[in-house]
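Everything below belongs to coords39.csv, which stores CSV, C-alpha atoms.
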```csv
chain,number,residue,atom,x,y,z
A,1420,LEU,CA,81.9,1.6,-22.5
A,1421,TYR,CA,84.9,2.1,-20.2
A,1422,LEU,CA,85.6,5.6,-18.9
A,1423,THR,CA,88.6,6.7,-16.8
A,1424,SER,CA,91.6,8.9,-17.1
A,1425,GLU,CA,95.0,9.4,-15.6
A,1426,ASN,CA,93.7,12.0,-13.2
A,1427,ARG,CA,90.5,10.0,-12.6
A,1428,PHE,CA,87.1,11.5,-13.2
A,1429,THR,CA,85.0,13.2,-10.5
A,1430,ASP,CA,81.3,13.8,-10.2
A,1431,GLU,CA,81.5,17.1,-12.2
A,1432,ASP,CA,83.2,15.3,-15.1
A,1433,ILE,CA,80.7,12.5,-15.7
A,1434,ILE,CA,77.4,13.0,-14.0
A,1435,PRO,CA,76.2,16.1,-15.7
A,1436,VAL,CA,76.4,14.5,-19.1
A,1437,PHE,CA,75.3,11.1,-17.9
A,1438,PRO,CA,71.7,11.3,-19.3
A,1439,ILE,CA,73.2,11.4,-22.8
A,1440,PHE,CA,74.1,7.7,-22.4
A,1441,CYS,CA,70.5,6.9,-21.7
A,1442,HIS,CA,69.8,7.7,-25.4
A,1443,MET,CA,72.3,5.0,-26.7
A,1444,PRO,CA,70.0,2.1,-27.4
A,1445,LYS,CA,72.8,-0.5,-27.9
A,1446,LEU,CA,74.7,0.4,-24.7
A,1447,LYS,CA,74.7,-2.5,-22.3
A,1448,SER,CA,77.1,-1.6,-19.6
A,1449,MET,CA,79.3,1.2,-18.4
A,1450,ASP,CA,82.5,0.7,-16.4
A,1451,LEU,CA,83.3,3.7,-14.2
A,1452,ARG,CA,85.7,2.0,-11.8
A,1453,ASP,CA,89.0,3.5,-10.9
A,1454,ASN,CA,87.6,7.1,-10.6
A,1455,ASN,CA,87.1,9.5,-7.8
A,1456,PHE,CA,83.4,9.8,-7.3
A,1457,SER,CA,82.1,11.1,-4.0
A,1458,CYS,CA,79.4,9.5,-1.9
A,1459,GLN,CA,76.8,11.7,-3.7
A,1460,GLY,CA,78.1,10.7,-7.1
A,1461,GLU,CA,78.0,7.1,-6.2
A,1462,LEU,CA,74.3,7.4,-5.1
A,1463,PHE,CA,73.5,9.2,-8.4
A,1464,LEU,CA,75.1,6.3,-10.4
A,1465,SER,CA,73.3,3.7,-8.3
A,1466,VAL,CA,69.8,4.9,-9.4
A,1467,PHE,CA,70.6,3.7,-12.9
A,1468,GLN,CA,71.6,0.2,-12.0
A,1469,ASP,CA,68.1,-1.2,-11.7
A,1470,ASN,CA,66.0,1.2,-13.7
A,1471,PHE,CA,67.7,1.7,-17.0
A,1472,LYS,CA,68.7,-0.6,-19.8
A,1473,PHE,CA,72.4,-0.7,-19.1
A,1474,ALA,CA,74.4,-1.7,-16.0
A,1475,VAL,CA,76.8,0.8,-14.3
A,1476,LYS,CA,79.9,-0.5,-12.5
A,1477,PHE,CA,81.7,1.8,-10.1
A,1478,ASP,CA,83.6,1.6,-6.8
A,1479,ARG,CA,81.4,2.0,-3.8
A,1480,LYS,CA,83.8,3.4,-1.2
A,1481,ALA,CA,81.4,5.1,1.1
A,1482,PRO,CA,78.9,3.3,3.4
A,1483,VAL,CA,75.3,3.8,2.6
A,1484,ALA,CA,74.7,5.2,6.1
A,1485,GLU,CA,76.8,8.2,5.2
A,1486,CYS,CA,74.4,9.0,2.3
A,1487,GLU,CA,71.0,8.6,3.9
A,1488,ASP,CA,70.3,12.3,4.4
A,1489,LEU,CA,70.8,13.5,0.8
A,1490,GLU,CA,67.2,13.7,-0.6
A,1491,TYR,CA,66.7,17.3,0.7
A,1492,GLY,CA,63.0,17.0,1.3
A,1493,LEU,CA,62.3,15.6,-2.2
A,1494,SER,CA,58.8,14.2,-2.5
A,1495,LEU,CA,58.1,11.8,-5.4
A,1496,ASP,CA,54.6,10.6,-6.2
A,1497,LYS,CA,53.5,8.8,-9.3
A,1498,ASP,CA,52.0,12.0,-10.8
A,1499,SER,CA,54.0,14.7,-9.1
A,1500,ILE,CA,57.5,15.8,-8.0
A,1501,LEU,CA,58.0,18.3,-5.1
A,1502,LEU,CA,61.2,19.8,-3.8
A,1503,GLY,CA,60.8,22.6,-1.3
A,1504,LYS,CA,63.0,25.4,0.1
A,1505,GLY,CA,64.1,23.5,3.1
A,1506,ALA,CA,67.5,22.4,1.7
A,1507,LYS,CA,70.6,24.2,2.8
A,1508,GLY,CA,73.6,24.3,0.6
A,1509,SER,CA,73.9,22.9,-2.9
A,1510,LEU,CA,71.5,20.1,-4.0
A,1511,PRO,CA,73.6,16.9,-4.6
A,1512,TYR,CA,73.6,15.2,-7.9
A,1513,HIS,CA,71.9,12.3,-6.3
A,1514,THR,CA,68.8,14.4,-5.8
A,1515,PHE,CA,68.7,15.1,-9.6
A,1516,GLY,CA,69.4,11.4,-10.2
A,1517,LEU,CA,66.2,10.5,-8.3
A,1518,ILE,CA,64.2,13.1,-10.3
A,1519,LEU,CA,65.6,11.8,-13.6
A,1520,ARG,CA,64.8,8.2,-12.7
A,1521,HIS,CA,61.3,9.2,-11.6
A,1522,CYS,CA,60.6,11.1,-14.8
A,1523,PHE,CA,61.9,8.2,-16.9
A,1524,LYS,CA,59.9,5.6,-14.9
A,1525,HIS,CA,56.6,7.5,-14.8
A,1526,ARG,CA,56.9,9.5,-18.0
A,1527,LYS,CA,53.2,9.3,-18.9
A,1528,ALA,CA,52.0,9.9,-15.4
A,1529,VAL,CA,53.9,12.9,-14.1
A,1530,LYS,CA,51.6,15.9,-14.3
A,1531,SER,CA,53.0,18.3,-11.7
A,1532,ILE,CA,56.6,19.4,-10.9
A,1533,VAL,CA,57.4,22.0,-8.2
A,1534,LEU,CA,61.0,22.7,-7.5
A,1535,SER,CA,62.5,25.5,-5.4
A,1536,VAL,CA,66.3,25.6,-5.6
A,1537,SER,CA,68.6,27.6,-3.4
A,1538,GLN,CA,72.0,26.4,-4.7
A,1539,LEU,CA,73.2,24.2,-7.6
A,1540,LEU,CA,76.3,22.2,-8.3
A,1541,PRO,CA,78.0,22.9,-11.7
A,1542,MET,CA,75.9,21.7,-14.6
A,1543,ALA,CA,73.1,20.4,-12.4
A,1544,LEU,CA,70.5,22.3,-14.3
A,1545,GLY,CA,71.4,20.2,-17.4
A,1546,LEU,CA,70.3,17.2,-15.5
A,1547,LEU,CA,67.0,18.8,-14.7
A,1548,SER,CA,66.5,19.7,-18.4
A,1549,HIS,CA,67.1,16.1,-19.4
A,1550,SER,CA,64.6,14.9,-16.8
A,1551,LEU,CA,61.9,17.2,-18.1
A,1552,ILE,CA,62.2,15.8,-21.6
A,1553,TYR,CA,60.4,12.7,-20.5
A,1554,CYS,CA,57.4,14.5,-19.0
A,1555,GLU,CA,55.3,15.2,-22.1
A,1556,LYS,CA,52.0,15.0,-20.2
A,1557,LEU,CA,53.1,17.7,-17.7
A,1558,GLN,CA,50.3,20.2,-16.8
A,1559,ASP,CA,51.9,22.3,-14.0
A,1560,LEU,CA,55.6,23.3,-13.8
A,1561,SER,CA,57.0,25.6,-11.2
A,1562,LEU,CA,60.8,26.3,-11.1
A,1563,THR,CA,62.0,28.8,-8.6
A,1564,PHE,CA,65.7,29.7,-8.4
A,1565,GLU,CA,67.1,31.8,-5.6
A,1566,GLU,CA,69.8,34.3,-6.4
A,1567,GLN,CA,72.7,32.1,-5.3
A,1568,ALA,CA,71.5,29.3,-7.6
A,1569,ALA,CA,71.1,31.6,-10.6
A,1570,GLU,CA,74.6,32.9,-10.3
A,1571,ASN,CA,76.2,29.5,-10.9
A,1572,ILE,CA,74.1,28.7,-14.1
A,1573,THR,CA,75.5,29.5,-17.5
A,1574,GLU,CA,73.5,31.1,-20.3
A,1575,ASP,CA,73.7,27.8,-22.3
A,1576,GLU,CA,72.1,25.9,-19.4
A,1577,TRP,CA,69.3,28.5,-19.2
A,1578,ARG,CA,68.7,28.2,-23.0
A,1579,SER,CA,68.6,24.4,-22.7
A,1580,LEU,CA,66.0,24.5,-20.0
A,1581,LEU,CA,63.8,27.0,-21.8
A,1582,SER,CA,64.0,25.0,-25.0
A,1583,THR,CA,62.4,22.0,-23.4
A,1584,LEU,CA,59.3,23.9,-22.6
A,1585,SER,CA,57.9,23.5,-26.1
A,1586,ILE,CA,57.3,19.8,-25.6
A,1587,PHE,CA,54.7,20.4,-22.9
A,1588,LYS,CA,51.6,20.6,-25.1
A,1589,HIS,CA,49.2,20.1,-22.2
A,1590,ILE,CA,50.7,22.5,-19.7
A,1591,ARG,CA,48.3,24.9,-17.9
A,1592,THR,CA,50.6,26.6,-15.3
A,1593,LEU,CA,54.1,27.7,-15.9
A,1594,ILE,CA,56.1,29.4,-13.2
A,1595,LEU,CA,59.7,30.5,-13.9
A,1596,GLU,CA,61.0,32.6,-11.1
A,1597,GLY,CA,64.6,33.8,-10.7
A,1598,VAL,CA,65.5,33.1,-14.3
A,1599,PRO,CA,67.6,35.8,-16.0
A,1600,LEU,CA,65.3,36.0,-19.1
A,1601,PRO,CA,66.8,39.0,-21.0
A,1602,SER,CA,69.8,37.0,-22.1
A,1603,CYS,CA,67.7,34.1,-23.5
A,1604,PHE,CA,64.3,35.6,-24.1
A,1605,ALA,CA,64.2,34.5,-27.8
A,1606,VAL,CA,64.3,30.8,-26.7
A,1607,LEU,CA,61.4,31.3,-24.3
A,1608,SER,CA,59.4,33.2,-26.9
A,1609,THR,CA,59.9,30.4,-29.4
A,1610,SER,CA,58.8,27.7,-26.8
A,1611,MET,CA,55.7,29.6,-25.9
A,1612,ASN,CA,54.3,29.2,-29.5
A,1613,ASP,CA,53.4,25.6,-28.6
A,1614,LEU,CA,51.8,26.2,-25.2
A,1615,HIS,CA,48.3,26.5,-26.4
A,1616,HIS,CA,46.6,25.4,-23.1
A,1617,LEU,CA,48.6,27.7,-20.8
A,1618,ARG,CA,46.4,29.6,-18.4
A,1619,THR,CA,48.9,31.0,-15.9
A,1620,LEU,CA,52.3,32.4,-16.6
A,1621,SER,CA,54.6,33.7,-13.9
A,1622,LEU,CA,57.9,35.4,-14.7
A,1623,GLN,CA,58.7,37.1,-11.4
A,1624,TYR,CA,62.2,38.0,-10.4
A,1625,CYS,CA,63.3,37.5,-14.0
A,1626,GLN,CA,65.0,40.9,-14.6
A,1627,LEU,CA,62.5,41.9,-17.2
A,1628,GLY,CA,62.9,45.5,-18.4
A,1629,GLN,CA,61.4,47.8,-21.0
A,1630,ARG,CA,63.0,46.0,-23.9
A,1631,ASP,CA,61.5,42.7,-22.9
A,1632,VAL,CA,57.9,43.8,-22.6
A,1633,GLU,CA,57.0,44.0,-26.3
A,1634,PRO,CA,58.5,40.6,-27.3
A,1635,LEU,CA,56.9,39.1,-24.2
A,1636,ILE,CA,53.4,40.3,-25.1
A,1637,GLN,CA,54.0,39.2,-28.7
A,1638,GLY,CA,54.8,35.7,-27.4
A,1639,CYS,CA,51.8,35.8,-25.1
A,1640,THR,CA,49.4,36.5,-28.1
A,1641,GLN,CA,50.0,32.9,-29.1
A,1642,LEU,CA,48.5,31.8,-25.7
A,1643,SER,CA,44.8,32.1,-26.5
A,1644,LYS,CA,43.8,30.7,-23.0
A,1645,LEU,CA,46.2,32.8,-20.9
A,1646,GLU,CA,44.2,34.2,-17.9
A,1647,SER,CA,46.8,35.3,-15.4
A,1648,LEU,CA,50.2,37.0,-16.0
A,1649,PHE,CA,52.6,37.6,-13.2
A,1650,LEU,CA,55.3,40.2,-13.9
A,1651,SER,CA,56.0,41.4,-10.4
A,1652,HIS,CA,59.5,42.0,-9.0
A,1653,ASN,CA,61.1,43.0,-12.3
A,1654,ASN,CA,62.6,46.1,-13.8
A,1655,ILE,CA,59.6,47.4,-15.7
A,1656,ASP,CA,59.4,51.2,-15.6
A,1657,ASP,CA,57.0,53.7,-17.1
A,1658,SER,CA,58.1,53.0,-20.6
A,1659,GLY,CA,57.6,49.3,-20.1
A,1660,LEU,CA,54.1,49.9,-18.7
A,1661,LYS,CA,53.3,52.1,-21.7
A,1662,ILE,CA,54.2,49.3,-24.1
A,1663,LEU,CA,52.3,46.9,-21.9
A,1664,SER,CA,49.2,49.1,-21.9
A,1665,GLN,CA,49.3,49.4,-25.7
A,1666,ASN,CA,49.4,45.7,-26.2
A,1667,LEU,CA,47.0,44.3,-23.5
A,1668,GLY,CA,44.2,44.3,-26.0
A,1669,HIS,CA,45.8,41.4,-27.8
A,1670,LEU,CA,45.5,39.1,-24.8
A,1671,GLU,CA,41.8,38.4,-25.2
A,1672,ALA,CA,41.5,35.9,-22.3
A,1673,LEU,CA,43.6,37.8,-19.8
A,1674,LYS,CA,41.8,38.4,-16.5
A,1675,HIS,CA,44.6,39.2,-14.0
A,1676,LEU,CA,47.8,41.2,-14.4
A,1677,TYR,CA,50.3,41.3,-11.5
A,1678,ILE,CA,52.9,44.1,-11.6
A,1679,ASN,CA,53.8,45.0,-8.1
A,1680,ASP,CA,57.4,45.9,-7.1
A,1681,ASN,CA,58.5,47.4,-10.4
A,1682,PRO,CA,60.1,50.8,-10.7
A,1683,PHE,CA,57.2,52.7,-12.3
A,1684,THR,CA,55.7,56.0,-11.2
A,1685,LYS,CA,52.3,57.6,-11.2
A,1686,ASP,CA,52.6,58.3,-14.9
A,1687,GLY,CA,53.0,54.6,-15.6
A,1688,VAL,CA,50.1,53.7,-13.4
A,1689,SER,CA,48.0,56.3,-15.2
A,1690,MET,CA,48.7,54.8,-18.6
A,1691,ILE,CA,48.1,51.2,-17.6
A,1692,GLY,CA,45.1,52.1,-15.5
A,1693,HIS,CA,43.2,53.8,-18.4
A,1694,THR,CA,43.8,50.7,-20.5
A,1695,ILE,CA,42.6,48.4,-17.7
A,1696,PHE,CA,39.4,50.4,-17.3
A,1697,TYR,CA,38.9,50.2,-21.1
A,1698,HIS,CA,39.3,46.4,-21.0
A,1699,LYS,CA,36.8,45.7,-18.2
A,1700,ASN,CA,37.6,42.0,-18.1
A,1701,ILE,CA,41.2,42.6,-16.8
A,1702,SER,CA,42.0,43.3,-13.2
A,1703,LEU,CA,45.3,45.1,-12.4
A,1704,ILE,CA,46.7,43.6,-9.2
A,1705,ASN,CA,49.5,45.7,-7.7
A,1706,ASP,CA,50.2,43.5,-4.7
A,1707,ARG,CA,50.3,39.8,-4.1
A,1708,LEU,CA,47.4,39.6,-1.6
A,1709,GLY,CA,44.8,41.5,-3.6
A,1710,GLY,CA,44.5,45.3,-4.1
A,1711,ILE,CA,42.5,45.0,-7.3
A,1712,LEU,CA,42.3,48.3,-9.0
A,1713,GLY,CA,38.7,49.3,-9.4
A,1714,SER,CA,37.4,46.8,-6.8
A,1715,TYR,CA,37.6,49.0,-3.8
A,1716,VAL,CA,38.6,52.5,-5.1
A,1717,THR,CA,38.0,54.4,-8.3
A,1718,PHE,CA,40.9,54.9,-10.7
A,1719,GLU,CA,41.0,58.7,-10.0
A,1720,ASP,CA,41.2,58.0,-6.3
A,1721,TYR,CA,43.9,55.5,-6.9
A,1722,LEU,CA,46.1,58.2,-8.6
A,1723,LYS,CA,45.4,60.6,-5.7
A,1724,LEU,CA,46.4,57.9,-3.3
A,1725,PHE,CA,49.6,57.2,-5.3
A,1726,ASP,CA,50.6,60.9,-4.9
A,1727,GLN,CA,50.2,60.8,-1.1
A,1728,TYR,CA,51.4,57.2,-0.5
A,1729,PRO,CA,53.8,55.9,-3.2
A,1730,SER,CA,53.9,52.6,-1.4
A,1731,CYS,CA,50.2,52.0,-1.9
A,1732,GLY,CA,51.2,49.2,-4.4
A,1733,GLU,CA,52.1,47.2,-1.3
A,1734,PHE,CA,48.7,47.6,0.4
A,1735,THR,CA,46.9,44.4,1.5
A,1736,GLU,CA,43.4,43.7,0.5
A,1737,ASP,CA,42.1,44.8,3.9
A,1738,GLN,CA,43.8,48.2,3.4
A,1739,TRP,CA,42.2,48.6,0.0
A,1740,ARG,CA,38.8,47.7,1.5
A,1741,MET,CA,39.4,50.4,4.2
A,1742,TYR,CA,40.1,53.1,1.7
A,1743,GLY,CA,37.3,52.0,-0.5
A,1744,SER,CA,34.7,52.2,2.3
A,1745,SER,CA,35.9,55.6,3.6
A,1746,SER,CA,35.3,58.9,1.9
A,1747,PRO,CA,37.1,61.0,0.8
A,1748,ILE,CA,40.5,59.5,0.3
A,1749,ASP,CA,42.3,62.8,0.7
A,1750,SER,CA,41.5,62.8,4.4
A,1751,GLN,CA,43.3,59.5,5.1
```

Translate the structure of the given file into structure tokens.
Amino acid sequence: LYLTSENRFTDEDIIPVFPIFCHMPKLKSMDLRDNNFSCQGELFLSVFQDNFKFAVKFDRKAPVAECEDLEYGLSLDKDSILLGKGAKGSLPYHTFGLILRHCFKHRKAVKSIVLSVSQLLPMALGLLSHSLIYCEKLQDLSLTFEEQAAENITEDEWRSLLSTLSIFKHIRTLILEGVPLPSCFAVLSTSMNDLHHLRTLSLQYCQLGQRDVEPLIQGCTQLSKLESLFLSHNNIDDSGLKILSQNLGHLEALKHLYINDNPFTKDGVSMIGHTIFYHKNISLINDRLGGILGSYVTFEDYLKLFDQYPSCGEFTEDQWRMYGSSSPIDSQ
């Protein structure tokens, strides 16, 4: 296969769709010479030369020394992939090439993937989606996208990513943070039907609102082992909490519900609180460090406290313990 054009292809033209060629069983070689690939693009192409079933020919114009610092803190072990928040600027295609190669090479061994992305090049999320397809044995997946990264991702790319989740039959922990779910919620809901072993689901910073709560809970009813649900940092108001409280009984295994930093009021807390006290097995956690409703203060005292201190949802566990050990709360 020979690919070039009068204007010459760049990284953005070829690399995002490159994984498609991996599914052509009779392809033996690709000639990508006479194009305008960058140093990053050349490194991405180089990872295929020794690890895939076809050869890739391209012009290497940049010295290898110029490309040494492009892995951006990427850690690759046989059973795990880790990419932290240390990277500044857009992740190069080469980084996703390394992830793709690793998933392909260790497809039956990779059990944990943790990626935190601050910025993305165009169509880079498609490369990540292609990589995940190989990891059928995955047990823990954490994908965190900062605001700048999410802004450059199209709705089709989000849908493609979410549609791959259905192949993870063994997954136990799924963390999707910074994903604009309202625009592609149906895809996530469909994928969740097959995640029968999922125990922890985190959808923080996903712009979830009132309209999304009911389909979310309906999707979660398929998750018979779900123990922890993180819905913090969304747009769930009193109406959303009302819907949530009416449907919590369907989540039989649920133990922990995280809802801090949502625009609800005392009325919403009242509705969800009564439901929580009815279902004794569920703890309502209204801040990330602890603050378990009922562990340190009674529900009635919690409502009094909410009247006086609307920010009580941000209390640490030590603060809850202080209020729980002092009597009465009105005097604080």

Test item: residues at most 10 Å from Arg1630 of chain A, all atoms listed in the file, excluding those fewer than 4 positions along its chain, as a VMD selection string: chain A and resid 1601 1634 to 1635 1655 1658 to 1659 1662

From the set A:Leu1510, A:Leu1446, A:Leu1551, A:Leu1584, which residue has the shortest atom-to-atom contact distance to Ala1568 of chain A, counting all atoms listed in the file? A:Leu1510

Best match for closeness to Asn1455 of chain A among A:Cys1522, A:Ile1678, A:Ile1433, A:Leu1544, counting all atoms listed in the file: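 Once distances to Asn1455 of chain A are computed over all atoms listed in the file, the minimum belongs to A:Ile1433.
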
Which is closest to Phe1437 of chain A among A:Ser1664, A:Ser1535, A:Ser1689, A:Ser1550, if we use all atoms listed in the file?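 Using all atoms listed in the file, Phe1437 of chain A sits closest to A:Ser1550.
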
Kindly give the distance, in Å, that separates atom CA of Leu1501 of chain A and atom CA of Cys1441 of chain A, rounded to a single decimal.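 Those two atoms sit 23.7 Å apart.
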
What is the distance, in Å and to one decimal place, between atom CA of His1513 of chain A and atom CA of Ser1585 of chain A?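 According to the coordinates, atom CA of His1513 of chain A and atom CA of Ser1585 of chain A are separated by 26.7 Å.
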
Can you work out the spacing between atom CA of Leu1676 of chain A and atom CA of Ile1532 of chain A in Å, to one decimal? 23.8 Å

Give me, as a PDB file with C-alpha atoms, in the coordinates of the input, all polymer residues having an atom no more than 6 Å from Leu1670 of chain A, counting all atoms listed in the file and skipping those fewer than 3 positions away in the same chain.
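Okay, selection32.pdb is ready:
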```pdb
ATOM      1  CA  THR A1640      49.400  36.500 -28.100  1.00  0.00           C
ATOM      2  CA  LEU A1667      47.000  44.300 -23.500  1.00  0.00           C
ATOM      3  CA  LEU A1673      43.600  37.800 -19.800  1.00  0.00           C
TER       4      LEU A1673
END
```

Would you please work out which residue, of A:Ser1494, A:Gln1623, A:Gln1558, A:Asn1571, is nearest to Leu1540 of chain A when using only C-alpha atoms?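 Checking each of A:Ser1494, A:Gln1623, A:Gln1558, A:Asn1571 against Leu1540 of chain A, counting only C-alpha atoms, the winner is A:Asn1571.
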
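Near Ser1537 of chain A, within 7 Å and counting all atoms listed in the file, sit Lys1504, Phe1564, Glu1565, Gln1567 and Ala1568 of chain A; same-chain residues fewer than 5 positions away were not included.
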
Identify the residues within 7 Å of coordinate (57.2, 32.1, -17.1) (same frame as the file), considering all atoms listed in the file, and give the answer as a list in words. Leu1593, Ile1594, Leu1595, Leu1620, Ser1621 and Leu1622 of chain A

Export C-alpha atoms of the chosen residues as a PDB file, in the coordinates of the input?
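Writing done, so here's again_5.pdb:
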```
ATOM      1  CA  LEU A1593      54.100  27.700 -15.900  1.00  0.00           C
ATOM      2  CA  ILE A1594      56.100  29.400 -13.200  1.00  0.00           C
ATOM      3  CA  LEU A1595      59.700  30.500 -13.900  1.00  0.00           C
ATOM      4  CA  LEU A1620      52.300  32.400 -16.600  1.00  0.00           C
ATOM      5  CA  SER A1621      54.600  33.700 -13.900  1.00  0.00           C
ATOM      6  CA  LEU A1622      57.900  35.400 -14.700  1.00  0.00           C
TER       7      LEU A1622
END
```

Contacts of Asp1613 of chain A at 10 Å (all atoms listed in the file; same-chain gap of 4+ positions) as a tab-separated table (two decimals) with C-alpha atoms, in the coordinates of the input:
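out-v1.tsv, written as the output of this step:
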```tsv
chain	number	residue	atom	x	y	z
A	1584	LEU	CA	59.30	23.90	-22.60
A	1585	SER	CA	57.90	23.50	-26.10
A	1586	ILE	CA	57.30	19.80	-25.60
A	1587	PHE	CA	54.70	20.40	-22.90
A	1588	LYS	CA	51.60	20.60	-25.10
A	1589	HIS	CA	49.20	20.10	-22.20
A	1590	ILE	CA	50.70	22.50	-19.70
A	1608	SER	CA	59.40	33.20	-26.90
A	1609	THR	CA	59.90	30.40	-29.40
A	1617	LEU	CA	48.60	27.70	-20.80
A	1641	GLN	CA	50.00	32.90	-29.10
A	1642	LEU	CA	48.50	31.80	-25.70
```

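In this comparison, which uses only C-alpha atoms, the residue of A:Asp1686, A:Glu1461, A:Glu1671, A:Asp1575 approaching Ser1548 of chain A most closely is A:Asp1575.
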
For Asn1679 of chain A, which of A:Glu1431, A:Gln1665, A:Ile1695, A:Tyr1624 is the closest residue, counting only C-alpha atoms?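 For Asn1679 of chain A, the nearest of the candidates is A:Tyr1624.
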
If we count only C-alpha atoms, what is near His1521 of chain A at a cut-off of 10 Å, once residues fewer than 2 positions away on the same chain are taken out, given as a list in words?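 My list of contacting residues is Val1466, Asn1470, Leu1495, Asp1496, Lys1497, Asp1498, Ser1499, Ile1500, Phe1515, Gly1516, Leu1517, Ile1518, Leu1519, Phe1523, Lys1524, His1525, Arg1526, Val1529, Ser1550, Tyr1553 and Cys1554 of chain A.
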
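The point (89.5, 10.3, -16.1) has these residues within 12 Å of it when only C-alpha atoms are used: Tyr1421, Leu1422, Thr1423, Ser1424, Glu1425, Asn1426, Arg1427, Phe1428, Thr1429, Asp1430, Glu1431, Asp1432, Ile1433, Asp1450, Leu1451, Arg1452, Asp1453, Asn1454, Asn1455 and Phe1456 of chain A.
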
Can I get a file of segment 1621-1667 of chain A from the given structure, C-alpha atoms kept, as an mmCIF file, in the first residue's frame?
```cif
data_model
loop_
_atom_site.group_PDB
_atom_site.id
_atom_site.type_symbol
_atom_site.label_atom_id
_atom_site.label_comp_id
_atom_site.auth_asym_id
_atom_site.auth_seq_id
_atom_site.Cartn_x
_atom_site.Cartn_y
_atom_site.Cartn_z
ATOM 1 C CA SER A 1621 -17.201 6.974 38.829
ATOM 2 C CA LEU A 1622 -18.793 9.592 36.563
ATOM 3 C CA GLN A 1623 -17.461 12.782 38.125
ATOM 4 C CA TYR A 1624 -17.162 16.031 36.139
ATOM 5 C CA CYS A 1625 -19.393 14.525 33.432
ATOM 6 C CA GLN A 1626 -22.015 17.309 33.230
ATOM 7 C CA LEU A 1627 -24.779 14.988 34.424
ATOM 8 C CA GLY A 1628 -28.080 16.734 35.144
ATOM 9 C CA GLN A 1629 -31.660 15.941 36.074
ATOM 10 C CA ARG A 1630 -32.474 14.317 32.728
ATOM 11 C CA ASP A 1631 -29.536 11.943 32.992
ATOM 12 C CA VAL A 1632 -30.227 10.557 36.456
ATOM 13 C CA GLU A 1633 -33.092 8.217 35.577
ATOM 14 C CA PRO A 1634 -31.439 6.547 32.536
ATOM 15 C CA LEU A 1635 -28.248 6.286 34.577
ATOM 16 C CA ILE A 1636 -29.981 4.423 37.400
ATOM 17 C CA GLN A 1637 -31.795 2.222 34.883
ATOM 18 C CA GLY A 1638 -28.446 1.334 33.355
ATOM 19 C CA CYS A 1639 -26.974 0.667 36.783
ATOM 20 C CA THR A 1640 -29.745 -1.819 37.621
ATOM 21 C CA GLN A 1641 -27.956 -4.200 35.247
ATOM 22 C CA LEU A 1642 -24.886 -3.974 37.475
ATOM 23 C CA SER A 1643 -25.808 -6.473 40.153
ATOM 24 C CA LYS A 1644 -22.435 -6.130 41.963
ATOM 25 C CA LEU A 1645 -22.166 -2.320 41.941
ATOM 26 C CA GLU A 1646 -21.061 -1.164 45.414
ATOM 27 C CA SER A 1647 -19.814 2.412 44.903
ATOM 28 C CA LEU A 1648 -21.284 5.126 42.667
ATOM 29 C CA PHE A 1649 -19.492 8.474 42.303
ATOM 30 C CA LEU A 1650 -21.666 11.303 40.952
ATOM 31 C CA SER A 1651 -19.809 14.254 42.461
ATOM 32 C CA HIS A 1652 -19.031 17.486 40.591
ATOM 33 C CA ASN A 1653 -21.999 17.332 38.221
ATOM 34 C CA ASN A 1654 -25.195 19.362 37.692
ATOM 35 C CA ILE A 1655 -27.600 17.252 39.757
ATOM 36 C CA ASP A 1656 -30.152 19.510 41.480
ATOM 37 C CA ASP A 1657 -33.065 18.770 43.845
ATOM 38 C CA SER A 1658 -35.133 17.238 41.025
ATOM 39 C CA GLY A 1659 -32.256 14.956 40.149
ATOM 40 C CA LEU A 1660 -31.828 13.902 43.770
ATOM 41 C CA LYS A 1661 -35.563 13.163 43.951
ATOM 42 C CA ILE A 1662 -35.293 10.820 40.977
ATOM 43 C CA LEU A 1663 -32.173 9.292 42.480
ATOM 44 C CA SER A 1664 -33.869 8.703 45.832
ATOM 45 C CA GLN A 1665 -36.870 7.058 44.145
ATOM 46 C CA ASN A 1666 -34.679 4.550 42.336
ATOM 47 C CA LEU A 1667 -31.916 3.727 44.813
#
```
